[in-house]
$ cat structure17.cif   # mmCIF, C-alpha atoms and all ligand atoms
data_protein
#
loop_
_atom_site.label_atom_id
_atom_site.label_comp_id
_atom_site.auth_asym_id
_atom_site.auth_seq_id
_atom_site.Cartn_x
_atom_site.Cartn_y
_atom_site.Cartn_z
CA MET A 1 25.15 -13.26 -8.83
CA SER A 2 25.66 -9.75 -10.15
CA ASN A 3 27.07 -6.72 -8.40
CA VAL A 4 23.86 -4.79 -8.87
CA ASP A 5 22.55 -3.23 -5.67
CA LEU A 6 18.77 -3.57 -5.64
CA SER A 7 18.37 -2.34 -2.07
CA VAL A 8 16.40 0.81 -1.35
CA LYS A 9 15.82 3.05 1.64
CA VAL A 10 12.49 4.53 2.69
CA GLY A 11 13.43 6.93 5.47
CA THR A 12 15.20 4.78 8.05
CA LEU A 13 13.86 1.53 6.60
CA THR A 14 16.03 -0.55 4.28
CA PHE A 15 14.54 -3.12 1.92
CA ARG A 16 16.56 -5.69 -0.05
CA ASN A 17 14.69 -4.57 -3.15
CA PRO A 18 11.88 -2.07 -3.84
CA VAL A 19 9.12 -4.65 -4.44
CA LEU A 20 6.65 -4.85 -1.55
CA LEU A 21 3.27 -6.59 -1.53
CA ALA A 22 0.28 -4.25 -1.06
CA SER A 23 -2.19 -4.36 1.79
CA GLY A 24 -5.34 -6.37 1.18
CA THR A 25 -3.99 -8.32 -1.77
CA VAL A 26 -1.97 -10.95 0.08
CA GLY A 27 -3.90 -11.33 3.34
CA TYR A 28 -1.42 -12.12 6.11
CA GLY A 29 1.07 -13.79 3.76
CA SER A 30 0.27 -17.47 4.36
CA GLU A 31 -1.29 -18.24 0.96
CA MET A 32 1.47 -16.31 -0.83
CA SER A 33 4.15 -18.25 1.01
CA GLU A 34 3.05 -21.38 -0.88
CA LEU A 35 3.43 -19.65 -4.23
CA ILE A 36 6.55 -17.53 -3.89
CA ASP A 37 9.68 -17.33 -1.75
CA LEU A 38 8.78 -14.59 0.71
CA ASN A 39 12.45 -14.28 1.71
CA LYS A 40 13.16 -12.74 -1.69
CA ILE A 41 10.49 -10.04 -1.52
CA GLY A 42 11.28 -6.47 -0.43
CA GLY A 43 8.53 -6.48 2.19
CA ILE A 44 4.96 -7.39 3.01
CA VAL A 45 2.19 -5.00 3.97
CA THR A 46 -0.52 -6.88 5.82
CA LYS A 47 -4.28 -6.50 5.31
CA SER A 48 -5.67 -3.44 7.15
CA LEU A 49 -6.16 -4.27 10.82
CA SER A 50 -8.69 -2.66 13.12
CA LEU A 51 -8.91 -2.92 16.90
CA LYS A 52 -11.79 -5.42 16.75
CA PRO A 53 -12.47 -7.95 13.97
CA ARG A 54 -14.55 -6.61 11.03
CA LYS A 55 -16.83 -8.64 8.78
CA GLY A 56 -16.64 -6.13 5.94
CA ASN A 57 -19.34 -5.45 3.37
CA PRO A 58 -21.92 -7.95 2.05
CA PRO A 59 -21.31 -9.48 -1.42
CA GLN A 60 -21.03 -8.74 -4.33
CA ARG A 61 -17.71 -7.20 -3.27
CA ILE A 62 -15.53 -7.57 -6.38
CA VAL A 63 -16.22 -6.81 -10.04
CA GLU A 64 -13.88 -6.97 -13.01
CA THR A 65 -13.49 -3.92 -15.26
CA PRO A 66 -11.78 -3.70 -18.67
CA SER A 67 -8.38 -2.91 -17.18
CA GLY A 68 -8.66 -3.40 -13.48
CA MET A 69 -11.04 -4.34 -10.73
CA LEU A 70 -13.52 -2.68 -8.43
CA ASN A 71 -13.57 -3.88 -4.85
CA ALA A 72 -15.66 -2.99 -1.85
CA ILE A 73 -14.37 -5.51 0.67
CA GLY A 74 -14.92 -3.03 3.50
CA LEU A 75 -11.82 -3.83 5.55
CA THR A 76 -12.67 -7.40 6.56
CA ASN A 77 -10.02 -8.42 9.08
CA VAL A 78 -9.29 -10.54 12.14
CA GLY A 79 -8.57 -7.64 14.50
CA VAL A 80 -5.38 -6.83 16.38
CA GLU A 81 -5.64 -9.55 19.05
CA VAL A 82 -6.12 -12.50 16.68
CA PHE A 83 -3.45 -11.06 14.37
CA LEU A 84 -0.88 -11.11 17.17
CA LYS A 85 -1.89 -14.55 18.41
CA GLU A 86 -2.52 -16.42 15.18
CA LYS A 87 -0.88 -14.62 12.25
CA ILE A 88 2.37 -13.23 13.63
CA PRO A 89 3.85 -16.65 14.63
CA PHE A 90 3.65 -17.74 10.98
CA LEU A 91 5.10 -14.48 9.64
CA LYS A 92 7.99 -14.64 12.13
CA LYS A 93 9.38 -17.62 10.22
CA PHE A 94 10.36 -15.45 7.28
CA ASP A 95 13.19 -13.02 6.81
CA VAL A 96 11.03 -10.34 5.25
CA PRO A 97 10.23 -6.89 6.67
CA LEU A 98 6.67 -6.72 7.87
CA ILE A 99 4.72 -3.49 7.60
CA CYS A 100 1.49 -3.54 9.51
CA ASN A 101 -1.38 -1.61 7.92
CA ILE A 102 -3.92 -0.11 10.31
CA ALA A 103 -7.43 1.15 9.58
CA ALA A 104 -9.72 2.71 12.16
CA SER A 105 -12.90 4.69 12.59
CA SER A 106 -11.51 7.20 15.07
CA VAL A 107 -8.18 8.81 15.91
CA GLU A 108 -8.27 6.98 19.26
CA GLU A 109 -8.62 3.62 17.50
CA TYR A 110 -5.57 4.30 15.29
CA VAL A 111 -3.60 5.19 18.40
CA GLU A 112 -4.80 2.17 20.38
CA CYS A 113 -3.97 -0.27 17.56
CA THR A 114 -0.50 1.23 17.13
CA LYS A 115 0.19 1.13 20.87
CA ILE A 116 -0.62 -2.58 21.03
CA LEU A 117 1.16 -3.58 17.82
CA THR A 118 4.33 -1.57 18.38
CA GLU A 119 5.31 -4.03 21.15
CA GLU A 120 5.64 -6.79 18.53
CA GLU A 121 9.23 -6.84 17.31
CA THR A 122 8.40 -8.60 14.02
CA ILE A 123 6.59 -5.47 12.89
CA LYS A 124 9.13 -3.10 11.37
CA ALA A 125 6.85 -0.18 10.43
CA PHE A 126 3.24 0.94 10.25
CA GLU A 127 1.24 1.93 7.22
CA ILE A 128 -1.76 3.97 8.26
CA ASN A 129 -4.72 3.59 5.94
CA VAL A 130 -6.60 6.90 5.91
CA SER A 131 -7.85 6.29 2.41
CA CYS A 132 -10.20 3.31 2.16
CA PRO A 133 -13.13 4.33 -0.06
CA ASN A 134 -15.29 1.38 1.00
CA VAL A 135 -16.22 2.06 4.60
CA LYS A 136 -18.63 4.61 6.03
CA GLU A 137 -16.38 5.70 8.86
CA GLY A 138 -12.62 6.08 8.92
CA GLY A 139 -11.99 5.89 5.22
CA LEU A 140 -12.27 8.91 3.00
CA GLN A 141 -13.78 10.85 5.88
CA PHE A 142 -10.18 11.08 7.13
CA GLY A 143 -8.37 10.77 3.84
CA ASN A 144 -10.11 13.85 2.43
CA ASP A 145 -9.41 16.05 5.41
CA VAL A 146 -5.93 17.55 5.65
CA SER A 147 -6.20 18.40 9.33
CA ALA A 148 -7.49 14.91 10.23
CA VAL A 149 -4.54 13.32 8.38
CA GLY A 150 -2.19 15.65 10.27
CA LYS A 151 -3.76 14.78 13.60
CA ILE A 152 -3.62 11.02 12.96
CA THR A 153 0.05 11.28 11.95
CA GLU A 154 0.93 13.27 15.05
CA LYS A 155 -0.97 11.02 17.48
CA VAL A 156 0.27 7.76 15.99
CA LYS A 157 3.88 8.99 15.92
CA ALA A 158 3.59 9.84 19.61
CA VAL A 159 3.01 6.18 20.58
CA THR A 160 5.61 4.39 18.47
CA ASP A 161 9.32 4.63 17.71
CA LYS A 162 8.81 2.66 14.52
CA PRO A 163 8.50 4.39 11.13
CA VAL A 164 5.00 5.56 10.24
CA ILE A 165 3.93 5.59 6.60
CA ILE A 166 0.64 7.29 5.76
CA LYS A 167 -1.27 5.75 2.85
CA LEU A 168 -2.85 8.58 0.90
CA SER A 169 -6.03 8.76 -1.12
CA PRO A 170 -6.02 9.80 -4.77
CA ASN A 171 -9.62 11.00 -4.38
CA VAL A 172 -8.51 14.55 -3.57
CA SER A 173 -7.58 17.64 -5.60
CA TYR A 174 -3.99 18.07 -4.40
CA ILE A 175 -2.38 15.01 -2.85
CA SER A 176 0.78 17.03 -2.11
CA GLU A 177 -1.15 19.03 0.52
CA PHE A 178 -1.65 15.75 2.40
CA ALA A 179 1.98 14.69 2.00
CA LYS A 180 3.02 18.11 3.36
CA VAL A 181 0.99 17.73 6.53
CA VAL A 182 2.31 14.17 7.04
CA LYS A 183 5.86 15.53 6.84
CA LYS A 184 5.06 18.45 9.15
CA GLU A 185 3.64 16.12 11.82
CA GLY A 186 6.66 13.83 11.73
CA GLY A 187 5.45 11.06 9.40
CA ASP A 188 8.34 9.07 7.91
CA ALA A 189 6.93 8.39 4.44
CA VAL A 190 3.75 8.32 2.38
CA SER A 191 2.40 5.57 0.21
CA ALA A 192 0.39 6.57 -2.84
CA ILE A 193 -2.13 5.62 -4.01
CA ASN A 194 -5.06 3.75 -2.55
CA THR A 195 -7.91 2.95 -4.94
CA LEU A 196 -10.04 5.46 -6.88
CA VAL A 197 -13.80 5.57 -6.27
CA GLY A 198 -15.69 3.90 -9.12
CA THR A 199 -18.91 2.06 -9.91
CA SER A 200 -20.45 -0.23 -12.48
CA PHE A 201 -24.06 -1.13 -13.47
CA ASP A 202 -25.80 -4.24 -14.72
CA ILE A 203 -27.61 -2.89 -17.79
CA PHE A 204 -30.49 -5.38 -17.49
CA THR A 205 -31.33 -5.12 -13.79
CA ARG A 206 -30.03 -1.51 -13.66
CA LYS A 207 -28.57 -2.33 -10.28
CA PRO A 208 -24.99 -1.51 -9.29
CA LYS A 209 -22.83 -4.59 -9.74
CA ILE A 210 -21.35 -3.94 -6.30
CA LYS A 211 -23.65 -4.20 -3.31
CA ASN A 212 -21.93 -1.20 -1.69
CA ILE A 213 -22.81 0.75 -4.91
CA THR A 214 -19.29 2.15 -5.24
CA GLY A 215 -15.97 0.40 -4.92
CA GLY A 216 -12.27 1.13 -5.25
CA LEU A 217 -10.76 0.89 -8.71
CA SER A 218 -7.33 -0.72 -8.93
CA GLY A 219 -5.15 -2.30 -11.61
CA PRO A 220 -3.60 -1.03 -14.87
CA ALA A 221 -6.37 1.56 -15.37
CA ILE A 222 -5.10 3.62 -12.44
CA LYS A 223 -1.38 3.61 -13.22
CA PRO A 224 -1.23 7.00 -14.98
CA VAL A 225 -3.19 8.59 -12.13
CA ALA A 226 -0.90 7.03 -9.54
CA LEU A 227 2.22 8.15 -11.42
CA ALA A 228 0.93 11.72 -11.59
CA LYS A 229 0.21 11.70 -7.85
CA VAL A 230 3.69 10.32 -7.04
CA LEU A 231 5.27 12.96 -9.27
CA GLU A 232 3.20 15.74 -7.68
CA ILE A 233 4.40 14.73 -4.20
CA SER A 234 7.98 14.24 -5.36
CA MET A 235 8.12 17.69 -6.95
CA SER A 236 6.79 19.60 -3.96
CA VAL A 237 7.43 17.66 -0.74
CA GLY A 238 10.68 16.17 0.52
CA ILE A 239 9.27 12.96 1.93
CA PRO A 240 10.00 9.35 0.88
CA ILE A 241 7.27 7.89 -1.33
CA ILE A 242 6.14 4.30 -1.81
CA GLY A 243 4.42 4.13 -5.20
CA ILE A 244 1.31 1.98 -5.69
CA GLY A 245 -1.23 1.67 -8.48
CA GLY A 246 -1.52 -0.61 -11.48
CA ILE A 247 2.03 -1.95 -11.38
CA MET A 248 2.03 -5.09 -13.52
CA ASN A 249 5.67 -5.56 -14.56
CA TRP A 250 9.27 -4.38 -14.05
CA LYS A 251 8.88 -1.50 -16.51
CA ASP A 252 6.09 -0.08 -14.39
CA VAL A 253 8.39 -0.25 -11.35
CA VAL A 254 11.10 1.69 -13.19
CA GLU A 255 8.53 4.29 -14.24
CA PHE A 256 7.32 4.77 -10.65
CA MET A 257 10.88 5.11 -9.39
CA ILE A 258 11.71 7.70 -12.04
CA ALA A 259 8.55 9.60 -11.00
CA GLY A 260 9.78 9.76 -7.40
CA ALA A 261 9.07 6.46 -5.64
CA SER A 262 11.76 4.96 -3.40
CA ALA A 263 9.91 1.63 -3.29
CA ILE A 264 6.66 0.27 -4.74
CA GLN A 265 3.83 -2.10 -3.85
CA LEU A 266 2.16 -4.71 -6.01
CA GLY A 267 -1.60 -5.10 -5.54
CA THR A 268 -4.02 -6.35 -8.20
CA VAL A 269 -1.28 -8.15 -10.13
CA ASN A 270 -0.99 -10.62 -7.22
CA PHE A 271 -4.46 -11.94 -8.13
CA ILE A 272 -3.50 -12.35 -11.80
CA ASP A 273 -0.03 -13.82 -11.28
CA PRO A 274 0.97 -14.59 -7.70
CA ALA A 275 4.55 -15.11 -8.89
CA ALA A 276 4.74 -11.57 -10.33
CA ALA A 277 6.84 -10.17 -7.48
CA GLU A 278 9.65 -12.68 -7.95
CA LYS A 279 9.64 -12.27 -11.73
CA ILE A 280 9.72 -8.48 -11.40
CA ILE A 281 12.66 -8.55 -8.99
CA SER A 282 14.79 -10.68 -11.31
CA SER A 283 13.84 -8.56 -14.34
CA LEU A 284 14.83 -5.41 -12.46
CA GLU A 285 18.24 -6.93 -11.86
CA GLN A 286 18.60 -7.72 -15.58
CA TYR A 287 17.52 -4.19 -16.46
CA CYS A 288 20.25 -2.78 -14.19
CA ILE A 289 22.92 -5.08 -15.65
CA LYS A 290 21.99 -4.24 -19.25
CA ASN A 291 21.85 -0.51 -18.57
CA LYS A 292 24.92 -0.41 -16.32
CA ILE A 293 22.97 0.85 -13.33
CA GLU A 294 24.91 -0.03 -10.20
CA LYS A 295 22.30 1.07 -7.69
CA LEU A 296 18.64 0.68 -8.51
CA SER A 297 17.88 3.38 -5.94
CA SER A 298 19.60 5.93 -8.18
CA LEU A 299 16.44 5.90 -10.32
CA THR A 300 14.33 7.55 -7.62
CA ALA A 301 13.11 10.97 -8.75
CA SER A 302 15.50 10.91 -11.73
CA TYR A 303 12.86 12.45 -14.02
CA ASN A 304 13.97 14.67 -16.83
CA LEU A 305 11.08 17.13 -17.16
C1 LIG B 1 -9.17 -6.68 -3.08
C2 LIG B 1 -8.40 -5.51 -2.55
C3 LIG B 1 -8.36 -5.28 -1.17
C4 LIG B 1 -7.66 -4.19 -0.66
N1 LIG B 1 -7.61 -4.01 0.69
C5 LIG B 1 -6.87 -2.98 1.21
C6 LIG B 1 -6.73 -2.81 2.61
O1 LIG B 1 -7.23 -3.59 3.42
N2 LIG B 1 -5.99 -1.76 3.05
C7 LIG B 1 -5.37 -0.87 2.21
O2 LIG B 1 -4.69 0.06 2.67
N3 LIG B 1 -5.47 -1.02 0.85
C8 LIG B 1 -6.20 -2.04 0.34
N4 LIG B 1 -6.28 -2.20 -1.02
C9 LIG B 1 -5.60 -1.23 -1.91
C10 LIG B 1 -4.26 -1.75 -2.41
O3 LIG B 1 -3.36 -1.96 -1.34
C11 LIG B 1 -3.63 -0.77 -3.45
O4 LIG B 1 -3.42 0.49 -2.82
C12 LIG B 1 -4.53 -0.56 -4.66
O5 LIG B 1 -5.16 -1.77 -5.04
C13 LIG B 1 -3.79 0.01 -5.86
O6 LIG B 1 -2.76 -0.84 -6.31
P1 LIG B 1 -2.96 -1.90 -7.54
O7 LIG B 1 -3.53 -1.11 -8.68
O8 LIG B 1 -1.59 -2.43 -7.79
O9 LIG B 1 -3.91 -2.94 -7.05
C14 LIG B 1 -6.99 -3.29 -1.55
C15 LIG B 1 -7.03 -3.53 -2.94
C16 LIG B 1 -7.72 -4.61 -3.44
C17 LIG B 1 -7.74 -4.84 -4.93
#

$ encode --input "structure17.cif" --output "structure tokens"
Amino acid sequence: MSNVDLSVKVGTLTFRNPVLLASGTVGYGSEMSELIDLNKIGGIVTKSLSLKPRKGNPPQRIVETPSGMLNAIGLTNVGVEVFLKEKIPFLKKFDVPLICNIAASSVEEYVECTKILTEEETIKAFEINVSCPNVKEGGLQFGNDVSAVGKITEKVKAVTDKPVIIKLSPNVSYISEFAKVVKKEGGDAVSAINTLVGTSFDIFTRKPKIKNITGGLSGPAIKPVALAKVLEISMSVGIPIIGIGGIMNWKDVVEFMIAGASAIQLGTVNFIDPAAAEKIISSLEQYCIKNKIEKLSSLTASYNL
């Protein structure tokens, strides 16, 4: 055991380390629990939940790209009721902060989901997905509209005492404008980024490889974009940031923290190496020991421009 303090704060939330698992890449945690020790992870963000179950988009829903993947899952999920009845009892067994991600096709649906879920004590915070590029309603229609993001933040905050994190889209000109409105309406933090809109064609059939035509690009390809968005928010808005996008190893985590992130989420890497989170956490500790960093959190926004 070292004396290094890996814990981080995101607003009023404290995590034992900055490594959280990103929404949609670890389901509701049960498969991951067989592969890693969930009690060592900073936190888990569950797959986007909507009020009613959603089937999602028809296949093909995932395509590999040279340095990432395109997905158009379309927010497949069990819905709030089944989540509370069937998924929460399993998650309760672990000592890991649970952040519940919510997606919806109207402001009222976001509010309704939050109202129901906030009663569940296992849920420590909400991450509001206003940035899914793969659904017709409730995705970028909200994520691209500053006033809609403001309204969702305000209305959701009004029905819960738990921290509300708004997950922002990179598919906008100035992400900081969105972070500003989240702060103004009382949001506790932002997470950045969700996936970037992309597509891919089969050169023989000339058809898009994804049935939905476009999908969300994730993985190493998007890391520089994500870092620039985190930096943009960090430089102009005083709101805690959870960095997401193409994080594959501990060095990427350090880079995101320097750029302004208080914590980070791992997404695509979970499909490549489900044990990545644990490896990254122990490497971060080694990095701190070797570089005489007592508190990992001191890295946040420590850029030297
Ligand atoms: C297969 C897949 C499903 C996803 N589903 C969701 C989702 O349900 N809700 C959400 O907010 N983000 C979802 N995301 C986005 C990720 O949480 C993350 O923001 C994005 O993949 C970028 O991080 P990465 O490059 O580390 O994967 C999904 C990503 C992937 C690859």

$ closest_atom_pairs --input "structure17.cif" --of "chain A" --to "ligand LIG 1 (chain B)" --cutoff "6 Å" --atoms "all atoms listed in the file" --output "tab-separated table"
residue	atom	partner	partner_atom	distance
A:Ala22	CA	B:LIG1	O3	4.3
A:Ser23	CA	B:LIG1	O3	4.1
A:Gly24	CA	B:LIG1	N1	3.3
A:Thr25	CA	B:LIG1	C2	5.3
A:Lys47	CA	B:LIG1	O1	4.6
A:Ser48	CA	B:LIG1	O1	4.0
A:Asn71	CA	B:LIG1	C1	5.5
A:Leu75	CA	B:LIG1	O1	5.1
A:Asn129	CA	B:LIG1	O2	4.8
A:Ile193	CA	B:LIG1	O4	5.4
A:Asn194	CA	B:LIG1	O4	3.7
A:Thr195	CA	B:LIG1	C12	4.9
A:Ser218	CA	B:LIG1	O7	3.8
A:Gly219	CA	B:LIG1	O7	3.6
A:Ile244	CA	B:LIG1	O6	5.0
A:Gly245	CA	B:LIG1	O7	3.6
A:Gly246	CA	B:LIG1	O7	3.5
A:Ile247	CA	B:LIG1	O8	5.1
A:Leu266	CA	B:LIG1	O8	4.7
A:Gly267	CA	B:LIG1	O8	3.5
A:Thr268	CA	B:LIG1	O9	3.6

$ residues_around --input "structure17.cif" --residues "Glu127 (chain A)" --least-positions-apart "3" --cutoff "12 Å" --atoms "all atoms listed in the file" --output "PyMOL selection string"
chain A and resi 22-23+44-49+98-103+110+113-114+117+123-124+130-131+152-153+156-157+162-168+187-192+194+242

$ closest_residue --input "structure17.cif" --among "A:Pro240, A:Phe256, A:Leu305, A:Leu284" --to "Thr12 (chain A)" --atoms "all atoms listed in the file"
A:Pro240

$ closest_residue --input "structure17.cif" --among "A:Thr300, A:Ser106, A:Gln141, A:Ser282" --to "Ile241 (chain A)" --atoms "all atoms listed in the file"
A:Thr300

$ atom_distance --input "structure17.cif" --atom1 "CA of Val230 (chain A)" --atom2 "CA of Ala261 (chain A)"
6.8 Å

$ atom_distance --input "structure17.cif" --atom1 "CA of Pro97 (chain A)" --atom2 "CA of Ser298 (chain A)"
21.7 Å

$ atom_distance --input "structure17.cif" --atom1 "CA of Asp95 (chain A)" --atom2 "CA of Lys40 (chain A)"
8.5 Å

$ closest_residue --input "structure17.cif" --among "A:Ile258, A:Ala275, A:Val253, A:Met248" --to "Leu231 (chain A)" --atoms "all atoms listed in the file"
A:Ile258

$ closest_residue --input "structure17.cif" --among "A:Gly42, A:Trp250, A:Val10, A:Ser33" --to "Ser262 (chain A)" --atoms "all atoms listed in the file"
A:Val10

$ closest_residue --input "structure17.cif" --among "A:Ala125, A:Ala221, A:Ile213, A:Leu13" --to "Asn57 (chain A)" --atoms "only C-alpha atoms"
A:Ile213

$ closest_residue --input "structure17.cif" --among "A:Phe15, A:Val172, A:Leu217, A:Ser105" --to "Asn39 (chain A)" --atoms "all atoms listed in the file"
A:Phe15

$ residues_around --input "structure17.cif" --residues "Val107 (chain A)" --least-positions-apart "5" --cutoff "10 Å" --atoms "all atoms listed in the file" --output "count of residues only"
10

$ residues_around --input "structure17.cif" --residues "Leu196 (chain A)" --least-positions-apart "5" --cutoff "10 Å" --atoms "all atoms listed in the file" --output "count of residues only"
17

$ residues_around --input "structure17.cif" --residues "region 76-90 of chain A" --least-positions-apart "3" --cutoff "9 Å" --atoms "all atoms listed in the file" --output "count of residues only"
24

$ residues_near_point --input "structure17.cif" --point "(2.2, -21.6, -8.0)" --cutoff "8 Å" --atoms "all atoms listed in the file" --output "list in words"
Glu34, Leu35, Ile36, Pro274 and Ala275 of chain A

$ residues_around --input "structure17.cif" --residues "Val19 (chain A)" --least-positions-apart "6" --cutoff "7 Å" --atoms "only C-alpha atoms" --output "PyMOL selection string"
chain A and resi 41-43+263-265+277+281

$ decode --input "structure17.cif" --residues "region 215-238 of chain A" --atoms "N, CA and C atoms" --output "compact mmCIF listing (two decimals), in the first residue's frame"
# COMPACT_ATOMS: atom_id res chain seq x y z
N GLY A 215 -23.68 6.36 -37.49
CA GLY A 215 -23.52 5.82 -36.14
C GLY A 215 -22.65 6.77 -35.33
N GLY A 216 -22.34 6.39 -34.12
CA GLY A 216 -21.49 7.22 -33.26
C GLY A 216 -20.08 6.64 -33.24
N LEU A 217 -19.11 7.49 -33.56
CA LEU A 217 -17.72 7.05 -33.56
C LEU A 217 -17.13 7.17 -32.16
N SER A 218 -16.49 6.10 -31.72
CA SER A 218 -15.83 6.11 -30.40
C SER A 218 -14.47 5.45 -30.54
N GLY A 219 -13.69 5.45 -29.46
CA GLY A 219 -12.39 4.80 -29.49
C GLY A 219 -11.25 5.80 -29.71
N PRO A 220 -10.02 5.28 -29.89
CA PRO A 220 -8.84 6.13 -29.95
C PRO A 220 -8.94 7.28 -30.96
N ALA A 221 -9.68 7.07 -32.04
CA ALA A 221 -9.80 8.11 -33.07
C ALA A 221 -10.35 9.42 -32.51
N ILE A 222 -11.18 9.34 -31.47
CA ILE A 222 -11.84 10.56 -31.00
C ILE A 222 -11.13 11.23 -29.83
N LYS A 223 -10.03 10.65 -29.38
CA LYS A 223 -9.38 11.21 -28.18
C LYS A 223 -8.95 12.67 -28.34
N PRO A 224 -8.30 13.04 -29.45
CA PRO A 224 -7.89 14.44 -29.55
C PRO A 224 -9.07 15.41 -29.57
N VAL A 225 -10.18 14.97 -30.18
CA VAL A 225 -11.38 15.81 -30.20
C VAL A 225 -11.90 15.97 -28.78
N ALA A 226 -11.99 14.86 -28.08
CA ALA A 226 -12.51 14.88 -26.70
C ALA A 226 -11.64 15.76 -25.81
N LEU A 227 -10.32 15.64 -25.96
CA LEU A 227 -9.41 16.46 -25.13
C LEU A 227 -9.61 17.94 -25.41
N ALA A 228 -9.80 18.28 -26.68
CA ALA A 228 -10.00 19.69 -27.03
C ALA A 228 -11.31 20.21 -26.44
N LYS A 229 -12.33 19.36 -26.43
CA LYS A 229 -13.62 19.78 -25.87
C LYS A 229 -13.51 19.96 -24.34
N VAL A 230 -12.81 19.03 -23.69
CA VAL A 230 -12.63 19.14 -22.23
C VAL A 230 -11.86 20.42 -21.91
N LEU A 231 -10.81 20.68 -22.67
CA LEU A 231 -10.01 21.89 -22.45
C LEU A 231 -10.85 23.15 -22.67
N GLU A 232 -11.64 23.14 -23.74
CA GLU A 232 -12.49 24.31 -24.02
C GLU A 232 -13.41 24.62 -22.83
N ILE A 233 -14.04 23.57 -22.28
CA ILE A 233 -14.94 23.78 -21.14
C ILE A 233 -14.13 24.27 -19.93
N SER A 234 -13.01 23.59 -19.70
CA SER A 234 -12.20 23.91 -18.53
C SER A 234 -11.72 25.36 -18.54
N MET A 235 -11.38 25.86 -19.74
CA MET A 235 -10.86 27.21 -19.84
C MET A 235 -11.93 28.29 -19.70
N SER A 236 -13.19 27.92 -19.97
CA SER A 236 -14.18 29.02 -19.94
C SER A 236 -15.36 28.83 -18.99
N VAL A 237 -15.49 27.65 -18.38
CA VAL A 237 -16.64 27.45 -17.48
C VAL A 237 -16.16 26.77 -16.19
N GLY A 238 -16.54 27.30 -15.08
CA GLY A 238 -16.14 26.69 -13.81
C GLY A 238 -17.11 25.61 -13.39
